[in-house]
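What follows is the content of target-v2.csv (CSV, C-alpha atoms (C1' of nucleotides)).
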```csv
chain,number,residue,atom,x,y,z
A,1,MET,CA,-6.3,14.6,19.6
A,2,GLU,CA,-4.8,16.7,16.8
A,3,VAL,CA,-6.9,17.2,13.7
A,4,ARG,CA,-4.0,15.9,11.6
A,5,ASP,CA,-3.9,12.6,13.6
A,6,LYS,CA,-7.6,12.2,13.2
A,7,ILE,CA,-7.3,12.6,9.5
A,8,VAL,CA,-4.6,10.0,9.3
A,9,GLU,CA,-6.4,7.6,11.5
A,10,LYS,CA,-9.8,7.9,9.8
A,11,ALA,CA,-8.3,7.9,6.3
A,12,GLY,CA,-6.2,4.9,7.1
A,13,GLU,CA,-9.1,3.0,8.5
A,14,LEU,CA,-11.3,3.8,5.5
A,15,MET,CA,-8.6,3.0,2.9
A,16,LEU,CA,-7.7,-0.3,4.6
A,17,MET,CA,-11.3,-1.3,4.5
A,18,TYR,CA,-12.3,-0.2,1.0
A,19,GLY,CA,-9.1,0.3,-0.9
A,20,ILE,CA,-7.4,3.6,-1.7
A,21,ARG,CA,-9.0,4.8,-4.9
A,22,THR,CA,-12.5,3.9,-3.8
A,23,VAL,CA,-12.1,6.2,-0.8
A,24,THR,CA,-12.4,9.8,-2.0
A,25,MET,CA,-11.2,13.0,-0.2
A,26,ASP,CA,-14.9,13.9,0.0
A,27,ASP,CA,-15.6,10.6,1.9
A,28,ILE,CA,-12.8,11.3,4.4
A,29,SER,CA,-13.9,14.9,5.1
A,30,ARG,CA,-17.6,13.9,5.3
A,31,ASP,CA,-16.8,11.1,7.7
A,32,LEU,CA,-14.8,13.4,9.9
A,33,GLY,CA,-17.3,16.2,9.6
A,34,ILE,CA,-14.6,18.6,8.4
A,35,SER,CA,-14.1,20.4,5.1
A,36,LYS,CA,-11.8,19.1,2.4
A,37,LYS,CA,-10.0,22.4,2.8
A,38,THR,CA,-8.9,21.4,6.3
A,39,ILE,CA,-7.4,18.2,5.0
A,40,TYR,CA,-5.4,20.2,2.4
A,41,GLN,CA,-4.1,22.4,5.1
A,42,TYR,CA,-2.2,19.4,6.5
A,43,PHE,CA,-1.5,17.4,3.4
A,44,LYS,CA,-0.3,18.7,0.0
A,45,ASP,CA,-2.4,16.2,-1.9
A,46,LYS,CA,-3.8,12.7,-1.7
A,47,LYS,CA,-0.5,11.1,-2.5
A,48,ASP,CA,1.0,13.0,0.5
A,49,LEU,CA,-1.8,11.6,2.7
A,50,VAL,CA,-1.3,8.0,1.4
A,51,ASN,CA,2.4,8.2,2.0
A,52,THR,CA,1.9,9.4,5.5
A,53,ILE,CA,-0.5,6.6,6.3
A,54,THR,CA,1.8,4.0,4.7
A,55,ALA,CA,4.9,5.3,6.6
A,56,LEU,CA,3.0,5.2,9.9
A,57,HIS,CA,1.6,1.7,9.2
A,58,LEU,CA,5.0,0.3,8.3
A,59,ASP,CA,6.5,2.0,11.4
A,60,ILE,CA,4.2,0.1,13.6
A,61,GLU,CA,4.9,-3.1,11.7
A,62,LYS,CA,8.6,-2.5,12.1
A,63,SER,CA,8.4,-2.2,15.8
A,64,ARG,CA,6.5,-5.5,16.0
A,65,PHE,CA,9.3,-7.3,14.0
A,66,GLU,CA,11.9,-5.7,16.2
A,67,SER,CA,10.2,-6.8,19.4
A,68,THR,CA,10.6,-10.5,18.6
A,69,GLU,CA,14.2,-10.7,19.7
A,70,LEU,CA,13.5,-9.5,23.2
A,71,ARG,CA,10.2,-11.5,23.6
A,72,SER,CA,11.8,-14.8,22.5
A,73,GLU,CA,13.4,-17.5,24.6
A,74,ASN,CA,15.6,-18.9,21.8
A,75,SER,CA,15.9,-18.9,18.1
A,76,VAL,CA,13.3,-21.6,17.5
A,77,HIS,CA,10.8,-19.6,19.6
A,78,GLU,CA,11.7,-16.4,17.8
A,79,LEU,CA,11.2,-18.0,14.4
A,80,ILE,CA,7.7,-18.8,15.5
A,81,LEU,CA,7.1,-15.2,16.7
A,82,ILE,CA,8.5,-13.8,13.4
A,83,SER,CA,6.2,-16.0,11.4
A,84,GLN,CA,3.3,-14.8,13.5
A,85,CYS,CA,4.3,-11.2,12.7
A,86,LEU,CA,4.5,-12.2,9.0
A,87,ARG,CA,1.0,-13.7,9.1
A,88,GLU,CA,-0.4,-10.7,11.0
A,89,SER,CA,1.0,-8.2,8.5
A,90,ILE,CA,-0.4,-10.3,5.6
A,91,LYS,CA,-3.8,-10.4,7.2
A,92,ASP,CA,-3.8,-6.6,7.4
A,93,MET,CA,-3.0,-6.2,3.7
A,94,ARG,CA,-6.0,-6.2,1.5
A,95,MET,CA,-5.2,-7.1,-2.1
A,96,ASN,CA,-7.2,-4.0,-3.2
A,97,VAL,CA,-4.9,-1.8,-1.2
A,98,LEU,CA,-1.7,-3.3,-2.5
A,99,ASN,CA,-2.8,-3.1,-6.1
A,100,ASP,CA,-3.8,0.6,-5.8
A,101,LEU,CA,-0.5,1.3,-4.2
A,102,GLN,CA,1.5,-0.5,-6.9
A,103,LYS,CA,-0.4,1.2,-9.7
A,104,PHE,CA,-1.1,4.7,-8.5
A,105,TYR,CA,1.1,5.4,-5.5
A,106,PRO,CA,4.6,4.3,-6.5
A,107,GLU,CA,6.3,6.1,-3.6
A,108,ALA,CA,4.1,4.3,-1.0
A,109,TRP,CA,4.7,1.1,-2.9
A,110,LYS,CA,8.4,1.6,-2.6
A,111,MET,CA,8.1,2.0,1.1
A,112,PHE,CA,6.4,-1.4,1.2
A,113,GLU,CA,9.1,-3.0,-0.9
A,114,ASN,CA,11.8,-1.4,1.3
A,115,PHE,CA,10.1,-2.7,4.3
A,116,LYS,CA,10.0,-6.2,2.9
A,117,ARG,CA,13.6,-6.1,1.8
A,118,ASN,CA,14.9,-4.5,5.0
A,119,THR,CA,12.9,-5.1,8.1
A,120,MET,CA,11.4,-8.5,7.3
A,121,LEU,CA,14.5,-9.8,5.6
A,122,CYS,CA,16.8,-8.7,8.4
A,123,SER,CA,14.6,-10.4,11.0
A,124,ILE,CA,14.7,-13.7,9.2
A,125,THR,CA,18.4,-13.5,8.4
A,126,ARG,CA,19.2,-12.6,12.0
A,127,VAL,CA,17.2,-15.4,13.4
A,128,ILE,CA,18.7,-18.0,11.1
A,129,ILE,CA,22.2,-16.9,12.1
A,130,LYS,CA,21.2,-17.1,15.8
A,131,GLY,CA,19.7,-20.5,15.3
A,132,GLN,CA,22.9,-21.8,13.7
A,133,GLU,CA,24.9,-20.5,16.7
A,134,GLU,CA,22.5,-22.2,19.1
A,135,GLY,CA,22.7,-25.4,17.1
A,136,TYR,CA,19.0,-25.5,16.2
A,137,PHE,CA,19.4,-24.7,12.5
A,138,ARG,CA,21.6,-26.5,10.0
A,139,LYS,CA,25.0,-24.9,9.4
A,140,GLU,CA,24.7,-25.6,5.6
A,141,ILE,CA,22.0,-23.0,5.3
A,142,ASP,CA,23.1,-19.7,3.8
A,143,PRO,CA,21.2,-17.2,6.0
A,144,HIS,CA,21.1,-14.4,3.4
A,145,LEU,CA,20.1,-16.5,0.4
A,146,ILE,CA,17.5,-18.6,2.2
A,147,SER,CA,15.9,-15.6,3.9
A,148,ILE,CA,15.5,-13.9,0.5
A,149,MET,CA,14.0,-17.1,-0.8
A,150,ARG,CA,11.6,-17.3,2.2
A,151,MET,CA,10.6,-13.6,1.9
A,152,GLU,CA,9.9,-13.9,-1.9
A,153,GLN,CA,8.0,-17.1,-1.3
A,154,VAL,CA,5.7,-15.5,1.2
A,155,HIS,CA,5.2,-12.4,-0.9
A,156,THR,CA,4.7,-14.2,-4.2
A,157,PHE,CA,1.8,-16.2,-2.8
A,158,ILE,CA,0.2,-13.0,-1.5
A,159,ILE,CA,0.5,-11.0,-4.8
A,160,ASN,CA,-0.2,-13.8,-7.1
A,161,GLN,CA,-3.3,-15.6,-5.8
A,162,ASN,CA,-3.9,-17.6,-8.9
A,163,LEU,CA,-0.9,-19.8,-8.1
A,164,TYR,CA,-3.2,-22.0,-6.0
A,165,PRO,CA,-6.9,-23.0,-6.3
A,166,LYS,CA,-8.6,-20.3,-4.1
A,167,GLU,CA,-11.7,-22.4,-3.6
A,168,LYS,CA,-9.6,-25.1,-2.0
A,169,TYR,CA,-7.2,-23.1,0.2
A,170,THR,CA,-7.3,-19.9,2.2
A,171,LEU,CA,-4.2,-17.7,2.0
A,172,ALA,CA,-3.6,-18.5,5.7
A,173,GLU,CA,-3.6,-22.3,5.0
A,174,VAL,CA,-1.2,-21.8,2.1
A,175,GLN,CA,1.2,-19.7,4.3
A,176,MET,CA,1.1,-22.3,7.1
A,177,GLN,CA,2.1,-25.0,4.6
A,178,LEU,CA,4.9,-22.9,3.3
A,179,PHE,CA,6.1,-22.1,6.8
A,180,ASP,CA,6.0,-25.8,7.8
A,181,HIS,CA,7.9,-26.8,4.7
A,182,PHE,CA,10.4,-24.0,5.3
A,183,VAL,CA,11.2,-24.8,8.9
A,184,HIS,CA,11.7,-28.5,8.3
A,185,GLY,CA,14.4,-27.8,5.8
A,186,LEU,CA,16.1,-25.6,8.4
A,187,PHE,CA,16.1,-27.6,11.6
A,188,THR,CA,18.8,-29.8,13.1
A,189,PRO,CA,17.3,-32.7,15.2
A,190,ALA,CA,17.6,-30.6,18.3
A,191,GLY,CA,15.8,-27.7,16.6
A,192,TYR,CA,13.1,-30.0,15.4
A,193,GLN,CA,12.6,-31.4,18.9
A,194,LEU,CA,12.3,-27.9,20.4
A,195,PHE,CA,9.9,-26.8,17.7
A,196,ASN,CA,7.6,-29.7,18.4
A,197,GLN,CA,7.6,-28.8,22.1
A,198,TYR,CA,6.4,-25.3,21.2
A,199,THR,CA,3.8,-26.5,18.7
A,200,THR,CA,2.3,-29.2,21.0
A,201,ALA,CA,2.3,-26.8,23.9
A,202,LYS,CA,0.4,-24.4,21.8
A,203,LEU,CA,-2.1,-27.1,20.9
A,204,LYS,CA,-2.7,-27.9,24.5
A,205,SER,CA,-3.3,-24.3,25.4
A,206,ASN,CA,-5.8,-24.1,22.5
A,207,GLU,CA,-7.7,-27.1,23.9
A,208,THR,CA,-8.1,-25.5,27.3
A,209,LEU,CA,-9.4,-22.4,25.6
A,210,SER,CA,-12.1,-24.1,23.6
B,1,DT,C1',-20.7,24.5,-1.2
B,2,DA,C1',-19.7,25.4,-5.9
B,3,DC,C1',-16.9,24.7,-9.4
B,4,DC,C1',-13.0,23.4,-12.7
B,5,DG,C1',-10.2,20.2,-15.3
B,6,DA,C1',-8.2,15.7,-16.1
C,1,DC,C1',-19.4,11.1,-15.1
C,2,DT,C1',-16.0,10.9,-11.1
C,3,DC,C1',-12.9,12.8,-8.1
C,4,DG,C1',-8.7,15.5,-6.8
C,5,DG,C1',-7.9,20.0,-5.8
C,6,DT,C1',-9.1,25.3,-5.5
```

Please re-express this file's structure in structure tokens.
Amino acid sequence: MEVRDKIVEKAGELMLMYGIRTVTMDDISRDLGISKKTIYQYFKDKKDLVNTITALHLDIEKSRFESTELRSENSVHELILISQCLRESIKDMRMNVLNDLQKFYPEAWKMFENFKRNTMLCSITRVIIKGQEEGYFRKEIDPHLISIMRMEQVHTFIINQNLYPKEKYTLAEVQMQLFDHFVHGLFTPAGYQLFNQYTTAKLKSNETLS
DNA sequence: TACCGA
DNA sequence: CTCGGT
């Protein structure tokens, strides 16, 4: 494996775990057993390294969002897959990391915002349109408006954790509630019925697992 | 590894 | 003093 890739991999791992500012260039080089000089042969500065890691991370995320269309049987199923992607990508984001990006790495933060406003938004908008064509989602829904609302809703509750009592709910629980509320405003009776088939099937498979 | 400067 | 950068 290329030295550059090792740097990106290790730095990304450390920064995801401990936050960006708490991981120093010394930490990264020590962990890899290389000199700082070597890192600076591949990256102009720390900002450059952070941007590279962010871009790579978002690239992987993007391909996950773009895979839902092929993997899904219908729009209701795809909506479930997209929400899984959403939850996964939330799980990967440590609040520490997002704050550091927002405050000290504005370029990388912009990448995140673009990702949110492009990839995630497009996925949701597209699945809503598909669902309307298939008769599972209500025609009265404006796909563009409602997908923006959904996106902002998800994001607001990540960024602003003091919106809900943290001792009472986990972020995952909050997001599940929001998802449930969202889909039930979206479904036609046929969509609702199909959705329940998926969720009860999921419960059964969980029972066999445990 | 030592060192400088923010 | 800490940490990015030389």

Using only C-alpha atoms (C1' of nucleotides), I'd like every residue of chain A that has an atom within 12 Å of chain B; please write them out as a list of chain:residue names. A:Ser35, A:Lys36, A:Lys37

Residues of chain A within 10 Å of chain C, counting all atoms listed in the file - could you list those as an MDAnalysis selection string? chainID A and resid 21:26 36:37 40 44:46

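From atom CA of Phe182 of chain A back to atom CA of Ile128 of chain A, the distance works out to 11.8 Å.
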
Interatomic distance between atom CA of Lys110 of chain A and atom CA of Ile90 of chain A?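 Answer for the atom CA of Lys110 of chain A to atom CA of Ile90 of chain A separation: 16.9 Å.
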
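For the pair atom CA of Phe43 of chain A and atom CA of Ser63 of chain A, the interatomic distance is 25.2 Å.
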
Nearby residues (only C-alpha atoms (C1' of nucleotides)) at most 10 Å from Asn99 of chain A, same-chain spacing under 6 positions excluded, as an MDAnalysis selection string: chainID A and resid 19:20 105 109 159

When you get a chance, write out N, CA and C atoms for segment 89-117 of chain A, as a PDB file, keeping the file's coordinate frame.
```pdb
ATOM      1  N   SER A  89       0.853  -9.328   9.446  1.00  0.00           N
ATOM      2  CA  SER A  89       1.000  -8.200   8.500  1.00  0.00           C
ATOM      3  C   SER A  89       0.342  -8.608   7.140  1.00  0.00           C
ATOM      4  N   ILE A  90       0.328  -9.901   6.832  1.00  0.00           N
ATOM      5  CA  ILE A  90      -0.400 -10.300   5.600  1.00  0.00           C
ATOM      6  C   ILE A  90      -1.870 -10.147   5.769  1.00  0.00           C
ATOM      7  N   LYS A  91      -2.347 -10.515   6.949  1.00  0.00           N
ATOM      8  CA  LYS A  91      -3.800 -10.400   7.200  1.00  0.00           C
ATOM      9  C   LYS A  91      -4.269  -8.973   7.060  1.00  0.00           C
ATOM     10  N   ASP A  92      -3.416  -8.031   7.453  1.00  0.00           N
ATOM     11  CA  ASP A  92      -3.800  -6.600   7.400  1.00  0.00           C
ATOM     12  C   ASP A  92      -3.801  -6.082   5.950  1.00  0.00           C
ATOM     13  N   MET A  93      -3.077  -6.757   5.063  1.00  0.00           N
ATOM     14  CA  MET A  93      -3.000  -6.200   3.700  1.00  0.00           C
ATOM     15  C   MET A  93      -4.180  -6.739   2.876  1.00  0.00           C
ATOM     16  N   ARG A  94      -5.010  -5.826   2.437  1.00  0.00           N
ATOM     17  CA  ARG A  94      -6.000  -6.200   1.500  1.00  0.00           C
ATOM     18  C   ARG A  94      -5.417  -6.110   0.088  1.00  0.00           C
ATOM     19  N   MET A  95      -5.770  -7.067  -0.754  1.00  0.00           N
ATOM     20  CA  MET A  95      -5.200  -7.100  -2.100  1.00  0.00           C
ATOM     21  C   MET A  95      -5.511  -5.815  -2.871  1.00  0.00           C
ATOM     22  N   ASN A  96      -6.746  -5.333  -2.678  1.00  0.00           N
ATOM     23  CA  ASN A  96      -7.200  -4.000  -3.200  1.00  0.00           C
ATOM     24  C   ASN A  96      -6.179  -2.924  -2.946  1.00  0.00           C
ATOM     25  N   VAL A  97      -5.784  -2.846  -1.674  1.00  0.00           N
ATOM     26  CA  VAL A  97      -4.900  -1.800  -1.200  1.00  0.00           C
ATOM     27  C   VAL A  97      -3.541  -1.889  -1.916  1.00  0.00           C
ATOM     28  N   LEU A  98      -3.007  -3.115  -1.922  1.00  0.00           N
ATOM     29  CA  LEU A  98      -1.700  -3.300  -2.500  1.00  0.00           C
ATOM     30  C   LEU A  98      -1.694  -2.976  -4.016  1.00  0.00           C
ATOM     31  N   ASN A  99      -2.753  -3.387  -4.706  1.00  0.00           N
ATOM     32  CA  ASN A  99      -2.800  -3.100  -6.100  1.00  0.00           C
ATOM     33  C   ASN A  99      -2.894  -1.591  -6.395  1.00  0.00           C
ATOM     34  N   ASP A 100      -3.711  -0.886  -5.623  1.00  0.00           N
ATOM     35  CA  ASP A 100      -3.800   0.600  -5.800  1.00  0.00           C
ATOM     36  C   ASP A 100      -2.447   1.224  -5.543  1.00  0.00           C
ATOM     37  N   LEU A 101      -1.768   0.775  -4.500  1.00  0.00           N
ATOM     38  CA  LEU A 101      -0.500   1.300  -4.200  1.00  0.00           C
ATOM     39  C   LEU A 101       0.509   1.119  -5.356  1.00  0.00           C
ATOM     40  N   GLN A 102       0.527  -0.120  -5.816  1.00  0.00           N
ATOM     41  CA  GLN A 102       1.500  -0.500  -6.900  1.00  0.00           C
ATOM     42  C   GLN A 102       1.220   0.322  -8.137  1.00  0.00           C
ATOM     43  N   LYS A 103      -0.045   0.494  -8.484  1.00  0.00           N
ATOM     44  CA  LYS A 103      -0.400   1.200  -9.700  1.00  0.00           C
ATOM     45  C   LYS A 103      -0.331   2.683  -9.643  1.00  0.00           C
ATOM     46  N   PHE A 104      -0.854   3.231  -8.535  1.00  0.00           N
ATOM     47  CA  PHE A 104      -1.100   4.700  -8.500  1.00  0.00           C
ATOM     48  C   PHE A 104      -0.308   5.446  -7.461  1.00  0.00           C
ATOM     49  N   TYR A 105       0.315   4.737  -6.535  1.00  0.00           N
ATOM     50  CA  TYR A 105       1.100   5.400  -5.500  1.00  0.00           C
ATOM     51  C   TYR A 105       2.479   4.792  -5.385  1.00  0.00           C
ATOM     52  N   PRO A 106       3.300   5.010  -6.401  1.00  0.00           N
ATOM     53  CA  PRO A 106       4.600   4.300  -6.500  1.00  0.00           C
ATOM     54  C   PRO A 106       5.516   4.618  -5.278  1.00  0.00           C
ATOM     55  N   GLU A 107       5.409   5.821  -4.714  1.00  0.00           N
ATOM     56  CA  GLU A 107       6.300   6.100  -3.600  1.00  0.00           C
ATOM     57  C   GLU A 107       5.907   5.268  -2.359  1.00  0.00           C
ATOM     58  N   ALA A 108       4.606   5.171  -2.104  1.00  0.00           N
ATOM     59  CA  ALA A 108       4.100   4.300  -1.000  1.00  0.00           C
ATOM     60  C   ALA A 108       4.474   2.874  -1.239  1.00  0.00           C
ATOM     61  N   TRP A 109       4.359   2.478  -2.501  1.00  0.00           N
ATOM     62  CA  TRP A 109       4.700   1.100  -2.900  1.00  0.00           C
ATOM     63  C   TRP A 109       6.153   0.794  -2.594  1.00  0.00           C
ATOM     64  N   LYS A 110       7.001   1.765  -2.914  1.00  0.00           N
ATOM     65  CA  LYS A 110       8.400   1.600  -2.600  1.00  0.00           C
ATOM     66  C   LYS A 110       8.710   1.429  -1.164  1.00  0.00           C
ATOM     67  N   MET A 111       7.934   2.148  -0.342  1.00  0.00           N
ATOM     68  CA  MET A 111       8.100   2.000   1.100  1.00  0.00           C
ATOM     69  C   MET A 111       7.796   0.537   1.507  1.00  0.00           C
ATOM     70  N   PHE A 112       6.763  -0.036   0.907  1.00  0.00           N
ATOM     71  CA  PHE A 112       6.400  -1.400   1.200  1.00  0.00           C
ATOM     72  C   PHE A 112       7.542  -2.366   0.772  1.00  0.00           C
ATOM     73  N   GLU A 113       8.058  -2.118  -0.415  1.00  0.00           N
ATOM     74  CA  GLU A 113       9.100  -3.000  -0.900  1.00  0.00           C
ATOM     75  C   GLU A 113      10.376  -2.859  -0.029  1.00  0.00           C
ATOM     76  N   ASN A 114      10.686  -1.629   0.372  1.00  0.00           N
ATOM     77  CA  ASN A 114      11.800  -1.400   1.300  1.00  0.00           C
ATOM     78  C   ASN A 114      11.616  -2.137   2.587  1.00  0.00           C
ATOM     79  N   PHE A 115      10.403  -2.041   3.088  1.00  0.00           N
ATOM     80  CA  PHE A 115      10.100  -2.700   4.300  1.00  0.00           C
ATOM     81  C   PHE A 115      10.314  -4.212   4.236  1.00  0.00           C
ATOM     82  N   LYS A 116       9.823  -4.750   3.143  1.00  0.00           N
ATOM     83  CA  LYS A 116      10.000  -6.200   2.900  1.00  0.00           C
ATOM     84  C   LYS A 116      11.468  -6.530   2.808  1.00  0.00           C
ATOM     85  N   ARG A 117      12.197  -5.745   2.028  1.00  0.00           N
ATOM     86  CA  ARG A 117      13.600  -6.100   1.800  1.00  0.00           C
ATOM     87  C   ARG A 117      14.525  -5.682   2.894  1.00  0.00           C
TER      88      ARG A 117
END
```
